[in-house]
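Everything below belongs to data-v5.cif, which stores mmCIF, C-alpha atoms and all ligand atoms.
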data_my_file
loop_
_atom_site.label_atom_id
_atom_site.label_comp_id
_atom_site.auth_asym_id
_atom_site.auth_seq_id
_atom_site.Cartn_x
_atom_site.Cartn_y
_atom_site.Cartn_z
CA MET K 524 81.41 102.25 146.75
CA LEU K 525 78.11 101.84 144.97
CA ARG K 526 76.78 105.15 143.68
CA ILE K 527 73.09 105.21 142.94
CA ASN K 528 71.23 107.09 140.23
CA ASP K 529 70.67 110.43 141.98
CA ASN K 530 67.57 111.07 139.89
CA PHE K 531 65.74 108.63 142.14
CA ASN K 532 66.22 111.14 144.95
CA ARG K 533 64.20 113.60 142.91
CA LEU K 534 61.10 111.41 142.90
CA GLN K 535 58.31 112.69 145.10
CA ALA K 536 57.25 110.29 147.88
CA SER K 537 56.20 106.84 146.74
CA TYR K 538 54.24 105.77 143.67
CA LEU K 539 50.64 106.98 144.16
CA PHE K 540 48.98 103.58 144.36
CA VAL K 541 51.67 102.26 146.70
CA GLU K 542 51.01 105.18 149.03
CA ILE K 543 47.27 104.50 148.93
CA ASP K 544 47.91 100.81 149.74
CA ARG K 545 50.09 101.87 152.66
CA ARG K 546 47.32 104.05 154.11
CA VAL K 547 44.68 101.39 153.47
CA ASP K 548 46.86 98.74 155.17
CA ALA K 549 47.28 101.00 158.21
CA PHE K 550 43.49 101.45 158.33
CA THR K 551 42.75 97.71 158.07
CA ALA K 552 45.37 96.92 160.72
CA LYS K 553 43.42 99.19 163.09
CA ASN K 554 40.00 98.07 161.83
CA PRO K 555 40.39 94.37 160.97
CA ASP K 556 36.62 93.86 160.63
CA ALA K 557 36.03 96.78 158.27
CA ASP K 558 34.31 95.69 155.07
CA LEU K 559 36.47 97.68 152.70
CA ILE K 560 35.23 98.58 149.18
CA LYS K 561 38.01 99.53 146.78
CA LEU K 562 37.20 102.09 144.10
CA GLY K 563 40.77 103.38 144.08
CA ILE K 564 43.20 101.76 141.63
CA GLY K 565 41.51 100.81 138.38
CA ASP K 566 41.70 97.05 138.77
CA VAL K 567 39.12 94.84 137.11
CA THR K 568 37.09 92.32 139.09
CA MET K 569 35.19 90.39 136.39
CA PRO K 570 36.82 87.14 135.19
CA LEU K 571 38.36 86.67 131.76
CA PRO K 572 35.69 86.09 129.07
CA PRO K 573 34.89 82.43 128.17
CA SER K 574 36.48 82.55 124.69
CA VAL K 575 39.69 83.94 126.20
CA ILE K 576 39.82 81.20 128.83
CA ARG K 577 39.25 78.55 126.14
CA GLU K 578 42.19 79.80 124.06
CA PHE K 579 44.33 80.26 127.17
CA HIS K 580 43.82 76.53 127.94
CA ARG K 581 44.59 75.63 124.35
CA GLY K 582 47.85 77.57 124.56
CA VAL K 583 48.81 75.72 127.74
CA ASP K 584 47.96 72.35 126.15
CA GLU K 585 50.06 73.23 123.12
CA GLN K 586 53.04 73.70 125.41
CA ALA K 587 52.54 70.10 126.62
CA SER K 588 53.26 68.46 123.32
CA ALA K 589 56.52 68.43 121.33
CA ASP K 590 54.90 69.21 117.99
CA SER K 591 53.19 72.39 119.16
CA PHE K 592 55.60 73.47 121.90
CA GLN K 593 56.92 77.06 121.63
CA GLY K 594 60.22 78.32 123.01
CA TYR K 595 61.21 81.96 122.68
CA GLY K 596 58.55 83.65 120.60
CA PRO K 597 59.05 86.27 117.88
CA GLY K 598 60.31 89.49 119.47
CA ARG K 599 57.37 91.66 118.51
CA GLY K 600 54.77 88.97 119.25
CA TYR K 601 53.16 86.18 117.25
CA ASP K 602 51.81 87.00 113.77
CA PHE K 603 48.42 85.48 114.60
CA LEU K 604 47.94 88.12 117.29
CA ARG K 605 49.44 91.13 115.52
CA GLU K 606 47.44 90.41 112.37
CA ALA K 607 44.21 90.11 114.36
CA ILE K 608 44.89 93.41 116.14
CA ALA K 609 45.70 95.26 112.90
CA GLN K 610 42.45 94.04 111.40
CA VAL K 611 40.04 94.43 114.32
CA ASP K 612 41.38 97.48 116.18
CA PHE K 613 42.42 99.50 113.12
CA ALA K 614 41.38 98.32 109.63
CA SER K 615 37.79 97.92 110.78
CA ARG K 616 37.81 101.63 111.72
CA GLY K 617 39.38 102.64 108.41
CA VAL K 618 42.85 103.09 109.92
CA SER K 619 45.86 101.58 108.23
CA VAL K 620 48.27 100.02 110.75
CA SER K 621 50.43 97.16 109.54
CA PRO K 622 50.96 94.11 111.81
CA ASP K 623 54.69 94.92 111.57
CA GLU K 624 54.07 98.21 113.35
CA ILE K 625 52.57 96.44 116.39
CA PHE K 626 54.81 95.45 119.31
CA ILE K 627 53.18 93.06 121.81
CA SER K 628 54.18 93.66 125.42
CA ASP K 629 53.19 92.92 128.99
CA GLY K 630 51.69 96.32 129.80
CA ALA K 631 50.94 99.84 128.67
CA LYS K 632 52.40 101.03 131.97
CA CYS K 633 55.73 99.40 131.05
CA ASP K 634 55.65 100.67 127.47
CA SER K 635 54.65 104.22 128.37
CA GLY K 636 57.30 104.19 131.10
CA ASN K 637 60.01 102.70 128.87
CA PHE K 638 59.45 104.64 125.69
CA GLN K 639 61.22 107.74 126.99
CA GLU K 640 64.51 105.76 126.90
CA ILE K 641 64.79 106.49 123.20
CA LEU K 642 64.42 110.25 123.66
CA SER K 643 67.45 112.46 124.09
CA PRO K 644 68.34 113.03 127.78
CA ASP K 645 67.70 116.73 127.30
CA ALA K 646 64.43 116.42 125.39
CA THR K 647 61.68 118.76 126.58
CA VAL K 648 58.67 116.79 127.73
CA ALA K 649 55.10 118.00 128.12
CA VAL K 650 52.69 116.20 130.42
CA PRO K 651 49.06 116.87 131.20
CA ASP K 652 48.19 117.85 134.77
CA PRO K 653 46.37 115.91 136.23
CA VAL K 654 48.51 113.08 134.89
CA TYR K 655 49.01 109.32 135.11
CA PRO K 656 52.11 109.41 137.37
CA VAL K 657 54.15 106.96 135.25
CA TYR K 658 54.76 109.56 132.52
CA VAL K 659 56.31 111.95 135.03
CA ASP K 660 58.20 109.51 137.24
CA SER K 661 59.85 107.63 134.36
CA ASN K 662 61.21 110.96 133.08
CA VAL K 663 62.36 111.93 136.56
CA MET K 664 64.30 108.64 136.80
CA ALA K 665 65.93 109.43 133.45
CA GLY K 666 67.00 112.89 134.66
CA ARG K 667 64.82 114.70 132.15
CA ALA K 668 62.39 116.39 134.53
CA GLY K 669 64.71 118.74 136.41
CA VAL K 670 64.18 119.57 140.06
CA TRP K 671 61.03 119.76 142.14
CA LYS K 672 60.03 123.37 142.82
CA GLU K 673 56.74 124.47 144.33
CA GLY K 674 54.87 121.33 143.44
CA ARG K 675 56.23 120.79 139.93
CA TYR K 676 59.38 119.66 138.10
CA ASP K 677 61.08 122.67 136.58
CA ARG K 678 62.03 121.08 133.23
CA LEU K 679 58.65 119.54 132.45
CA VAL K 680 56.03 121.53 130.58
CA TYR K 681 52.69 121.07 132.32
CA LEU K 682 49.47 121.19 130.33
CA ASP K 683 46.79 122.26 132.76
CA GLY K 684 43.53 120.35 132.66
CA THR K 685 40.70 122.29 134.27
CA PRO K 686 36.90 122.29 134.27
CA GLU K 687 37.16 125.27 131.90
CA ASN K 688 38.94 123.30 129.16
CA GLY K 689 37.05 120.12 130.00
CA PHE K 690 40.39 118.55 131.02
CA VAL K 691 41.53 118.55 127.39
CA PRO K 692 44.51 120.92 127.33
CA SER K 693 45.50 122.73 124.14
CA PRO K 694 49.05 122.64 122.75
CA PRO K 695 51.50 124.96 124.55
CA SER K 696 52.70 128.20 123.02
CA LYS K 697 56.35 127.02 123.07
CA PRO K 698 57.89 124.04 121.26
CA VAL K 699 58.37 120.74 123.11
CA ASP K 700 59.95 117.51 121.89
CA ALA K 701 57.58 114.94 123.38
CA ILE K 702 53.99 115.10 124.56
CA TYR K 703 52.09 112.54 126.61
CA LEU K 704 48.36 112.43 125.92
CA CYS K 705 45.85 109.96 127.35
CA PHE K 706 42.27 109.71 126.04
CA PRO K 707 39.85 108.64 127.40
CA ASN K 708 41.79 110.27 130.16
CA ASN K 709 43.15 108.74 133.31
CA PRO K 710 42.29 110.19 135.80
CA THR K 711 39.62 112.69 134.67
CA GLY K 712 37.62 110.50 132.27
CA ALA K 713 37.70 113.29 129.65
CA VAL K 714 37.60 112.37 125.97
CA ALA K 715 39.12 114.33 123.08
CA THR K 716 37.27 115.13 119.88
CA ALA K 717 38.80 114.66 116.43
CA ALA K 718 39.26 118.44 116.19
CA GLN K 719 41.14 118.56 119.52
CA LEU K 720 43.40 115.66 118.51
CA SER K 721 43.97 117.27 115.10
CA ALA K 722 45.26 120.40 116.83
CA TRP K 723 47.82 118.24 118.64
CA VAL K 724 48.87 116.42 115.48
CA GLU K 725 49.28 119.74 113.71
CA TYR K 726 51.38 121.07 116.61
CA ALA K 727 53.58 117.95 116.62
CA ARG K 728 54.06 118.15 112.86
CA SER K 729 55.04 121.80 112.93
CA HIS K 730 57.48 121.36 115.85
CA ARG K 731 58.66 117.88 114.80
CA SER K 732 57.70 116.52 118.19
CA ILE K 733 56.41 113.08 119.13
CA ILE K 734 53.01 112.36 120.70
CA LEU K 735 53.02 109.43 123.11
CA PHE K 736 49.34 108.58 122.96
CA ASP K 737 47.91 106.34 125.68
CA ALA K 738 44.68 104.75 124.47
CA ALA K 739 44.41 102.14 127.24
CA TYR K 740 40.75 103.07 127.85
CA GLU K 741 39.51 103.36 124.24
CA GLN K 742 37.19 100.36 124.67
CA PHE K 743 34.97 102.49 126.94
CA ILE K 744 34.12 105.04 124.23
CA ARG K 745 30.45 104.88 123.28
CA ASP K 746 30.07 108.26 121.55
CA PRO K 747 30.58 107.39 117.86
CA SER K 748 32.09 110.80 117.09
CA ILE K 749 35.06 110.29 119.46
CA PRO K 750 38.25 108.83 117.90
CA HIS K 751 39.53 105.59 119.44
CA SER K 752 43.02 106.04 118.06
CA ILE K 753 45.33 108.96 117.35
CA PHE K 754 45.88 107.31 113.97
CA GLU K 755 42.33 108.23 112.99
CA ILE K 756 43.79 111.73 112.58
CA GLU K 757 45.47 112.36 109.25
CA GLY K 758 49.24 112.72 109.48
CA ALA K 759 49.45 111.23 112.97
CA ASP K 760 51.50 108.31 111.67
CA GLU K 761 54.41 110.70 111.17
CA VAL K 762 54.34 112.07 114.73
CA ALA K 763 52.77 109.58 117.15
CA VAL K 764 53.02 106.22 118.84
CA GLU K 765 50.05 104.63 120.59
CA PHE K 766 49.85 102.47 123.70
CA ARG K 767 46.99 99.99 124.02
CA SER K 768 46.22 97.43 126.69
CA LEU K 769 43.93 94.48 127.29
CA SER K 770 44.03 95.15 131.04
CA LYS K 771 40.84 97.17 131.35
CA THR K 772 39.49 96.14 127.95
CA ALA K 773 39.39 92.40 128.50
CA GLY K 774 40.22 91.82 132.16
CA PHE K 775 43.97 91.22 131.68
CA THR K 776 45.34 93.17 134.69
CA GLY K 777 46.55 89.90 136.21
CA THR K 778 47.20 88.12 132.91
CA ARG K 779 49.24 90.87 131.22
CA LEU K 780 49.08 91.83 127.58
CA ALA K 781 49.36 95.17 125.84
CA TYR K 782 50.75 96.52 122.63
CA THR K 783 52.35 99.62 121.19
CA VAL K 784 51.94 100.87 117.64
CA VAL K 785 55.08 102.46 116.21
CA PRO K 786 54.49 103.65 112.63
CA GLN K 787 57.25 103.01 110.09
CA LYS K 788 57.03 106.66 108.98
CA LEU K 789 57.88 108.11 112.39
CA THR K 790 61.42 109.49 112.60
CA GLY K 791 63.63 111.37 115.03
CA THR K 792 66.96 113.15 114.63
CA ASP K 793 70.26 112.43 116.39
CA SER K 794 72.70 115.08 117.64
CA ASP K 795 74.50 115.00 114.26
CA GLY K 796 71.27 115.83 112.48
CA ARG K 797 70.79 112.34 111.01
CA SER K 798 67.31 110.93 110.79
CA HIS K 799 66.39 107.58 112.40
CA ALA K 800 63.25 105.49 112.28
CA ILE K 801 61.74 105.38 115.77
CA TRP K 802 60.57 101.84 114.87
CA ASP K 803 64.23 100.72 114.64
CA LEU K 804 65.08 102.23 118.01
CA TRP K 805 62.06 100.75 119.80
CA ASN K 806 62.70 97.39 118.15
CA ARG K 807 66.33 97.56 119.33
CA ARG K 808 65.26 98.55 122.85
CA GLN K 809 62.65 95.81 123.13
CA SER K 810 64.84 93.07 121.66
CA THR K 811 67.60 93.97 124.12
CA LYS K 812 65.51 94.21 127.28
CA PHE K 813 62.33 92.19 126.73
CA ASN K 814 61.65 88.57 125.82
CA GLY K 815 58.00 88.84 124.99
CA VAL K 816 54.73 87.73 126.48
CA SER K 817 54.17 84.03 127.16
CA PHE K 818 52.71 81.97 124.32
CA PRO K 819 49.50 80.90 126.16
CA VAL K 820 48.77 84.55 127.04
CA GLN K 821 49.17 85.57 123.39
CA ARG K 822 46.81 82.73 122.43
CA ALA K 823 44.32 83.99 125.04
CA ALA K 824 44.69 87.56 123.78
CA ALA K 825 44.00 86.56 120.18
CA ALA K 826 40.54 85.38 121.28
CA VAL K 827 39.71 88.99 122.16
CA PHE K 828 39.92 89.86 118.45
CA THR K 829 37.41 87.24 117.29
CA GLU K 830 33.74 88.06 116.80
CA GLU K 831 32.86 86.20 119.98
CA GLY K 832 35.64 87.91 121.93
CA GLN K 833 34.62 91.35 120.71
CA ARG K 834 31.06 90.71 121.86
CA GLU K 835 32.28 89.54 125.27
CA ILE K 836 34.55 92.51 125.87
CA GLN K 837 31.80 94.88 124.80
CA GLU K 838 29.65 93.36 127.55
CA LEU K 839 32.48 93.70 130.06
CA SER K 840 33.05 97.37 129.35
CA SER K 841 29.30 98.06 129.35
CA TYR K 842 29.09 96.51 132.81
CA TYR K 843 31.76 98.85 134.18
CA LEU K 844 30.26 101.81 132.32
CA GLU K 845 26.94 101.18 134.04
CA ASN K 846 28.82 101.24 137.37
CA ALA K 847 30.33 104.56 136.33
CA ARG K 848 26.90 105.93 135.44
CA LEU K 849 25.51 104.90 138.84
CA ILE K 850 28.45 106.46 140.68
CA ARG K 851 28.27 109.70 138.72
CA SER K 852 24.52 110.15 139.11
CA ALA K 853 24.67 109.41 142.86
CA MET K 854 27.48 111.93 143.36
CA GLU K 855 25.61 114.53 141.33
CA GLU K 856 22.46 113.89 143.35
CA VAL K 857 24.27 114.78 146.55
CA GLY K 858 25.51 117.97 144.95
CA TYR K 859 28.99 117.23 143.60
CA ARG K 860 30.08 118.43 140.18
CA CYS K 861 31.31 115.41 138.20
CA PHE K 862 33.31 114.80 135.04
CA GLY K 863 33.98 111.63 133.06
CA GLY K 864 32.25 108.33 133.70
CA GLU K 865 30.49 108.44 130.33
CA ASN K 866 33.01 107.19 127.81
CA SER K 867 35.35 106.21 130.59
CA PRO K 868 35.44 104.00 133.70
CA TYR K 869 36.61 106.88 135.90
CA VAL K 870 34.39 109.48 137.55
CA TRP K 871 36.21 112.68 138.47
CA VAL K 872 34.45 114.36 141.36
CA GLU K 873 35.02 117.94 142.45
CA SER K 874 35.61 117.61 146.17
CA GLY K 875 36.25 121.30 146.63
CA GLY K 876 38.77 120.84 149.42
CA ASP K 877 41.90 118.88 150.22
CA SER K 878 41.67 115.63 148.29
CA TRP K 879 43.79 113.55 150.71
CA GLU K 880 41.46 114.76 153.48
CA MET K 881 38.45 113.51 151.50
CA PHE K 882 40.30 110.22 150.82
CA SER K 883 40.89 109.76 154.57
CA ARG K 884 37.36 110.74 155.52
CA LEU K 885 35.82 108.26 153.09
CA LEU K 886 38.21 105.54 154.19
CA GLU K 887 37.58 106.07 157.89
CA LYS K 888 33.86 106.78 157.86
CA ALA K 889 32.67 104.70 154.90
CA ALA K 890 35.49 102.16 154.42
CA VAL K 891 35.49 103.15 150.73
CA VAL K 892 38.79 103.69 148.92
CA VAL K 893 38.97 106.40 146.24
CA THR K 894 41.99 108.11 144.70
CA PRO K 895 42.86 111.65 145.82
CA GLY K 896 43.26 113.97 142.85
CA ALA K 897 46.36 115.59 144.34
CA GLY K 898 48.21 112.35 143.62
CA PHE K 899 47.84 113.12 139.90
CA GLY K 900 49.29 116.64 140.06
CA THR K 901 48.55 120.13 141.26
CA CYS K 902 45.55 120.50 138.96
CA GLY K 903 44.14 117.33 140.53
CA GLU K 904 43.83 118.97 143.93
CA GLY K 905 40.20 119.62 144.78
CA PHE K 906 39.08 116.40 143.05
CA VAL K 907 38.88 112.69 143.80
CA ARG K 908 38.77 109.90 141.25
CA ILE K 909 36.23 107.11 141.75
CA SER K 910 36.89 103.97 139.75
CA ALA K 911 33.98 101.96 138.31
CA PHE K 912 36.00 98.74 138.33
CA ASN K 913 34.23 96.59 140.88
CA ASP K 914 31.26 94.26 141.17
CA ARG K 915 27.83 95.92 140.88
CA GLU K 916 26.89 94.82 144.38
CA LYS K 917 29.98 96.47 145.84
CA VAL K 918 29.49 99.61 143.78
CA THR K 919 25.88 100.02 144.95
CA ALA K 920 26.92 99.39 148.56
CA ALA K 921 29.72 101.96 148.20
CA ILE K 922 27.28 104.50 146.74
CA GLU K 923 24.99 104.09 149.78
CA ARG K 924 27.91 104.58 152.14
CA LEU K 925 29.18 107.61 150.19
CA ARG K 926 25.74 109.22 150.26
CA ASN K 927 25.65 108.88 154.05
CA ASN K 928 29.19 110.07 154.71
CA LEU K 929 29.85 112.90 152.32
C1 LIG K 1001 44.94 103.43 137.63
O1 LIG K 1001 44.19 103.14 138.56
O2 LIG K 1001 45.25 104.59 137.35
C2 LIG K 1001 45.49 102.33 136.79
O3 LIG K 1001 44.96 101.11 137.18
C3 LIG K 1001 46.91 102.26 136.92
C4 LIG K 1001 47.53 101.44 135.85
O4 LIG K 1001 46.87 101.01 134.91
O5 LIG K 1001 48.74 101.23 135.97
#
As C-alpha cells, please, write out the structure in this file.
Amino acid sequence: MLRINDNFNRLQASYLFVEIDRRVDAFTAKNPDADLIKLGIGDVTMPLPPSVIREFHRGVDEQASADSFQGYGPGRGYDFLREAIAQVDFASRGVSVSPDEIFISDGAKCDSGNFQEILSPDATVAVPDPVYPVYVDSNVMAGRAGVWKEGRYDRLVYLDGTPENGFVPSPPSKPVDAIYLCFPNNPTGAVATAAQLSAWVEYARSHRSIILFDAAYEQFIRDPSIPHSIFEIEGADEVAVEFRSLSKTAGFTGTRLAYTVVPQKLTGTDSDGRSHAIWDLWNRRQSTKFNGVSFPVQRAAAAVFTEEGQREIQELSSYYLENARLIRSAMEEVGYRCFGGENSPYVWVESGGDSWEMFSRLLEKAAVVVTPGAGFGTCGEGFVRISAFNDREKVTAAIERLRNNL
C-alpha cells in the first residue's frame, strides 16, 4: 500500500494563488461578461525587452546549427551569464561575488523552496509574518514546521511585521538556525536599511545561523541608501545565501530564469560536529535534481546584463513603479493607510477588516482582483496587497473602480 508523506496533511488549504484563481474562476463562471482586472498575483504584462528578444532568437538559431549546438549545459549555468551577473549585479555595487558562487536556475520560488532540503530536519526556522507562503509550505512538507495550532505552525518562529516596525522585524530573542528574509518585501513592499540588515547579519553570525535572503524585487529600489543585496553588509558572505530572479526584473515570469548566490565561505555543521561548505551541498543537490535552464533562455538572460539591457529593465521597473505610485496615492486619497509601493511593486493597504471579505467585495463589485493579506499569515489580516504589475490603462481603470466601490 502506498503511504504518502503525512506532512502534506499539515499544509493549510491550497497554495494562496491557487485559491485566489479558484475563487476568480467561480466568479467568472457566474459573470462571463465581467471585465476582470487582475492586480492579485505579481505577474508581469509588458513584453521582454528588445535586446533580450534579439539574444533569445540568436540562442534558438545557434541550436539549429551543428557547430553552435548545445546539449546539456554546465550545471551551474553558462560562464557568459554568470560572469555578466557577477560584474553587473555585484562588482558594480562594490560587492565581491565570484561567478563560481552563482547558480543559475529556473526560479527564485523553486530555489527558495528547495534550499531547505540541505538543512537538518530538526532545524529551527524563522519566517516573517506576513510571509511569502513558499518559505512556510516548503518547510511544512519537509516536516520541519510542526503542527498547526491557532493559526500558526508550532515549530516555526514567526517574526511579526506590523505598522509599528514598518514591517521590518528585528531578530528574535532566542537562537534559530535559519531565517528567511525578503527585501523589498513581498507582500508588504517594505525595504530594509543597511543598519537593519546589519543587525540580522550580526545575529546570524553570533548564533551561527543562515539567512536565506530573497532579493527578487531589488530592481525596484530607487532610494540610493537602501542595499540591493545582503552581501553589501560586511560579514554576510559567512552567513547568507541570496535568491535573485529575472521574473519581475526583466519580464521573465513566463520565460524562467533566476539565480542563487552561495558564498564559498558559508559553512554548516553536521550531527558529528564536522563543518561542510554549503556551496558543496547546494551544488550536489542541484546536480542531482536539476538539469539547468535552456541555452536560448540563458542567452536571452545575458542580454539583461548589457548596457542596453540594463537601460531597458530600468524602464520596465519604472513603468510598474509609476503604477504603484498611482495605486498608492488613489488609495490614500480615499482614506486608506498604505505601505510599500515606493521601492517596490506592491502596495500594502490597511483594509481594517477581514481581508478575504474585502477581496470578495472588490471582486464582486469592481471585478478587480487583489490579494487578501490573511493569505500571507496572521499579521497580514486587516490588509490587502495590490500589485502594480499590469498595463497602465488597466491600472487606471482599476483605480476608478476601486474608488467607487471601497
Ligand atoms: C506573488 O504575487 O507573490 C508572486 O508573483 C509569487 C511568485 O513570484 O511566486
| request: Name each residue within 6 Å of ligand LIG 1001 (chain K), counting only C-alpha atoms and all ligand atoms, as a ChimeraX atom specification. | output: /K:564-566,632
| field | Coordinates-based distance that separates atom CA of K:Gly905 from atom CA of K:Trp879 (Å, one decimal) | value |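 Distance between the two atoms: 9.2 Å.
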| Between K:Ile702, K:Val785, K:Leu562, K:Ala549, which has the minimum distance to K:Arg915 (counting all atoms listed in the file)? |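 Distance minimum relative to K:Arg915 lands on K:Leu562.
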| said: Using all atoms listed in the file, can you tell me which of K:Ser635, K:Asn528, K:Asn866, K:Gln593 comes closest to K:Ser748? | reply: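 Smallest distance to K:Ser748 is found for K:Asn866.
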Sorted by chain and rising residue number, which residues of stretch 553-609 of chain K lie within 12 Å of stretch 794-808 of chain K, and what are their closest atom pairs and distances in Å to one decimal, counting only C-alpha atoms, as JSON lines?
{"residue": "K:Pro597", "atom": "CA", "partner": "K:Asn806", "partner_atom": "CA", "distance": 11.7}
{"residue": "K:Gly598", "atom": "CA", "partner": "K:Asn806", "partner_atom": "CA", "distance": 8.4}
{"residue": "K:Arg599", "atom": "CA", "partner": "K:Asn806", "partner_atom": "CA", "distance": 7.8}
{"residue": "K:Gly600", "atom": "CA", "partner": "K:Asn806", "partner_atom": "CA", "distance": 11.6}
| Near K:Tyr595, within 9 Å and counting all atoms listed in the file, which residues show up once chain neighbours fewer than 6 positions away are dropped, as a PyMOL selection string? | chain K and resi 814-815+817-818
| query | Any idea what the distance is between atom CA of K:Lys917 and atom CA of K:Ile560? | reply |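 So the two atoms, atom CA of K:Lys917 and atom CA of K:Ile560, lie 6.6 Å apart.
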| atom CA of K:Asp914 to atom CA of K:Ser537, distance in Å rounded to a single decimal |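 If I compute the distance from atom CA of K:Asp914 to atom CA of K:Ser537, I get 28.5 Å.
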Quick one: everything within 8 Å of K:Asp683, counting all atoms listed in the file, minus sequence neighbours fewer than 3 positions away in the same chain. Send it as a short mmCIF file (atom, residue, chain, number, x, y, z; two decimals) with C-alpha atoms, keeping the file's coordinate frame.
data_model
loop_
_atom_site.label_atom_id
_atom_site.label_comp_id
_atom_site.auth_asym_id
_atom_site.auth_seq_id
_atom_site.Cartn_x
_atom_site.Cartn_y
_atom_site.Cartn_z
CA PRO K 651 49.06 116.87 131.20
CA ASP K 652 48.19 117.85 134.77
CA PRO K 653 46.37 115.91 136.23
CA PHE K 690 40.39 118.55 131.02
CA PRO K 692 44.51 120.92 127.33
CA CYS K 902 45.55 120.50 138.96
#
| query | Which protein, DNA or RNA residues are at most 8 Å from (33.5, 103.1, 148.5) in the file's coordinates when you count all atoms listed in the file, listed as a ChimeraX atom specification? | reply | /K:559-562,885-886,889-893,917-918,920-922,924-925
| request: Determine the nearest neighbour of K:Gly669 from the options K:Asp529, K:Glu855, K:Asp737, K:Glu873, counting all atoms listed in the file. | output: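 Checking each candidate against K:Gly669, we get K:Asp529 as the closest.
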Any chance you could export stretch 843-849 of chain K with all heavy atoms, as a PDB file, in the first residue's frame?
ATOM      1  N   TYR K 843       6.292  50.021 -13.862  1.00  0.00           N
ATOM      2  CA  TYR K 843       5.480  49.398 -12.814  1.00  0.00           C
ATOM      3  C   TYR K 843       5.486  50.245 -11.528  1.00  0.00           C
ATOM      4  O   TYR K 843       4.488  50.302 -10.812  1.00  0.00           O
ATOM      5  CB  TYR K 843       5.976  47.975 -12.523  1.00  0.00           C
ATOM      6  CG  TYR K 843       5.773  47.018 -13.686  1.00  0.00           C
ATOM      7  CD1 TYR K 843       6.841  46.323 -14.235  1.00  0.00           C
ATOM      8  CD2 TYR K 843       4.503  46.796 -14.231  1.00  0.00           C
ATOM      9  CE1 TYR K 843       6.672  45.436 -15.288  1.00  0.00           C
ATOM     10  CE2 TYR K 843       4.324  45.920 -15.292  1.00  0.00           C
ATOM     11  CZ  TYR K 843       5.413  45.242 -15.820  1.00  0.00           C
ATOM     12  OH  TYR K 843       5.232  44.363 -16.863  1.00  0.00           O
ATOM     13  N   LEU K 844       6.629  50.893 -11.271  1.00  0.00           N
ATOM     14  CA  LEU K 844       6.681  51.754 -10.079  1.00  0.00           C
ATOM     15  C   LEU K 844       5.714  52.931 -10.191  1.00  0.00           C
ATOM     16  O   LEU K 844       5.127  53.358  -9.195  1.00  0.00           O
ATOM     17  CB  LEU K 844       8.107  52.274  -9.848  1.00  0.00           C
ATOM     18  CG  LEU K 844       9.065  51.296  -9.174  1.00  0.00           C
ATOM     19  CD1 LEU K 844      10.498  51.830  -9.224  1.00  0.00           C
ATOM     20  CD2 LEU K 844       8.658  51.007  -7.729  1.00  0.00           C
ATOM     21  N   GLU K 845       5.555  53.444 -11.406  1.00  0.00           N
ATOM     22  CA  GLU K 845       4.586  54.534 -11.594  1.00  0.00           C
ATOM     23  C   GLU K 845       3.170  54.001 -11.341  1.00  0.00           C
ATOM     24  O   GLU K 845       2.348  54.679 -10.715  1.00  0.00           O
ATOM     25  CB  GLU K 845       4.747  55.139 -13.009  1.00  0.00           C
ATOM     26  CG  GLU K 845       3.715  56.189 -13.400  1.00  0.00           C
ATOM     27  CD  GLU K 845       3.700  57.443 -12.503  1.00  0.00           C
ATOM     28  OE1 GLU K 845       4.605  57.615 -11.667  1.00  0.00           O
ATOM     29  OE2 GLU K 845       2.732  58.237 -12.630  1.00  0.00           O
ATOM     30  N   ASN K 846       2.894  52.776 -11.801  1.00  0.00           N
ATOM     31  CA  ASN K 846       1.598  52.160 -11.463  1.00  0.00           C
ATOM     32  C   ASN K 846       1.411  52.109  -9.948  1.00  0.00           C
ATOM     33  O   ASN K 846       0.341  52.437  -9.419  1.00  0.00           O
ATOM     34  CB  ASN K 846       1.524  50.722 -11.983  1.00  0.00           C
ATOM     35  CG  ASN K 846       1.343  50.638 -13.491  1.00  0.00           C
ATOM     36  OD1 ASN K 846       1.069  51.642 -14.139  1.00  0.00           O
ATOM     37  ND2 ASN K 846       1.487  49.446 -14.033  1.00  0.00           N
ATOM     38  N   ALA K 847       2.469  51.681  -9.268  1.00  0.00           N
ATOM     39  CA  ALA K 847       2.380  51.544  -7.804  1.00  0.00           C
ATOM     40  C   ALA K 847       2.094  52.902  -7.162  1.00  0.00           C
ATOM     41  O   ALA K 847       1.296  53.008  -6.235  1.00  0.00           O
ATOM     42  CB  ALA K 847       3.678  50.955  -7.257  1.00  0.00           C
ATOM     43  N   ARG K 848       2.768  53.927  -7.688  1.00  0.00           N
ATOM     44  CA  ARG K 848       2.559  55.274  -7.133  1.00  0.00           C
ATOM     45  C   ARG K 848       1.103  55.710  -7.314  1.00  0.00           C
ATOM     46  O   ARG K 848       0.464  56.233  -6.402  1.00  0.00           O
ATOM     47  CB  ARG K 848       3.500  56.267  -7.821  1.00  0.00           C
ATOM     48  CG  ARG K 848       3.569  57.626  -7.149  1.00  0.00           C
ATOM     49  CD  ARG K 848       4.300  58.656  -7.983  1.00  0.00           C
ATOM     50  NE  ARG K 848       3.618  58.971  -9.232  1.00  0.00           N
ATOM     51  CZ  ARG K 848       2.537  59.732  -9.352  1.00  0.00           C
ATOM     52  NH1 ARG K 848       1.992  60.286  -8.278  1.00  0.00           N
ATOM     53  NH2 ARG K 848       1.972  59.946 -10.529  1.00  0.00           N
ATOM     54  N   LEU K 849       0.560  55.437  -8.509  1.00  0.00           N
ATOM     55  CA  LEU K 849      -0.836  55.819  -8.787  1.00  0.00           C
ATOM     56  C   LEU K 849      -1.796  55.071  -7.854  1.00  0.00           C
ATOM     57  O   LEU K 849      -2.734  55.654  -7.307  1.00  0.00           O
ATOM     58  CB  LEU K 849      -1.192  55.503 -10.254  1.00  0.00           C
ATOM     59  CG  LEU K 849      -0.480  56.359 -11.314  1.00  0.00           C
ATOM     60  CD1 LEU K 849      -0.723  55.803 -12.714  1.00  0.00           C
ATOM     61  CD2 LEU K 849      -0.974  57.813 -11.225  1.00  0.00           C
TER      62      LEU K 849
END
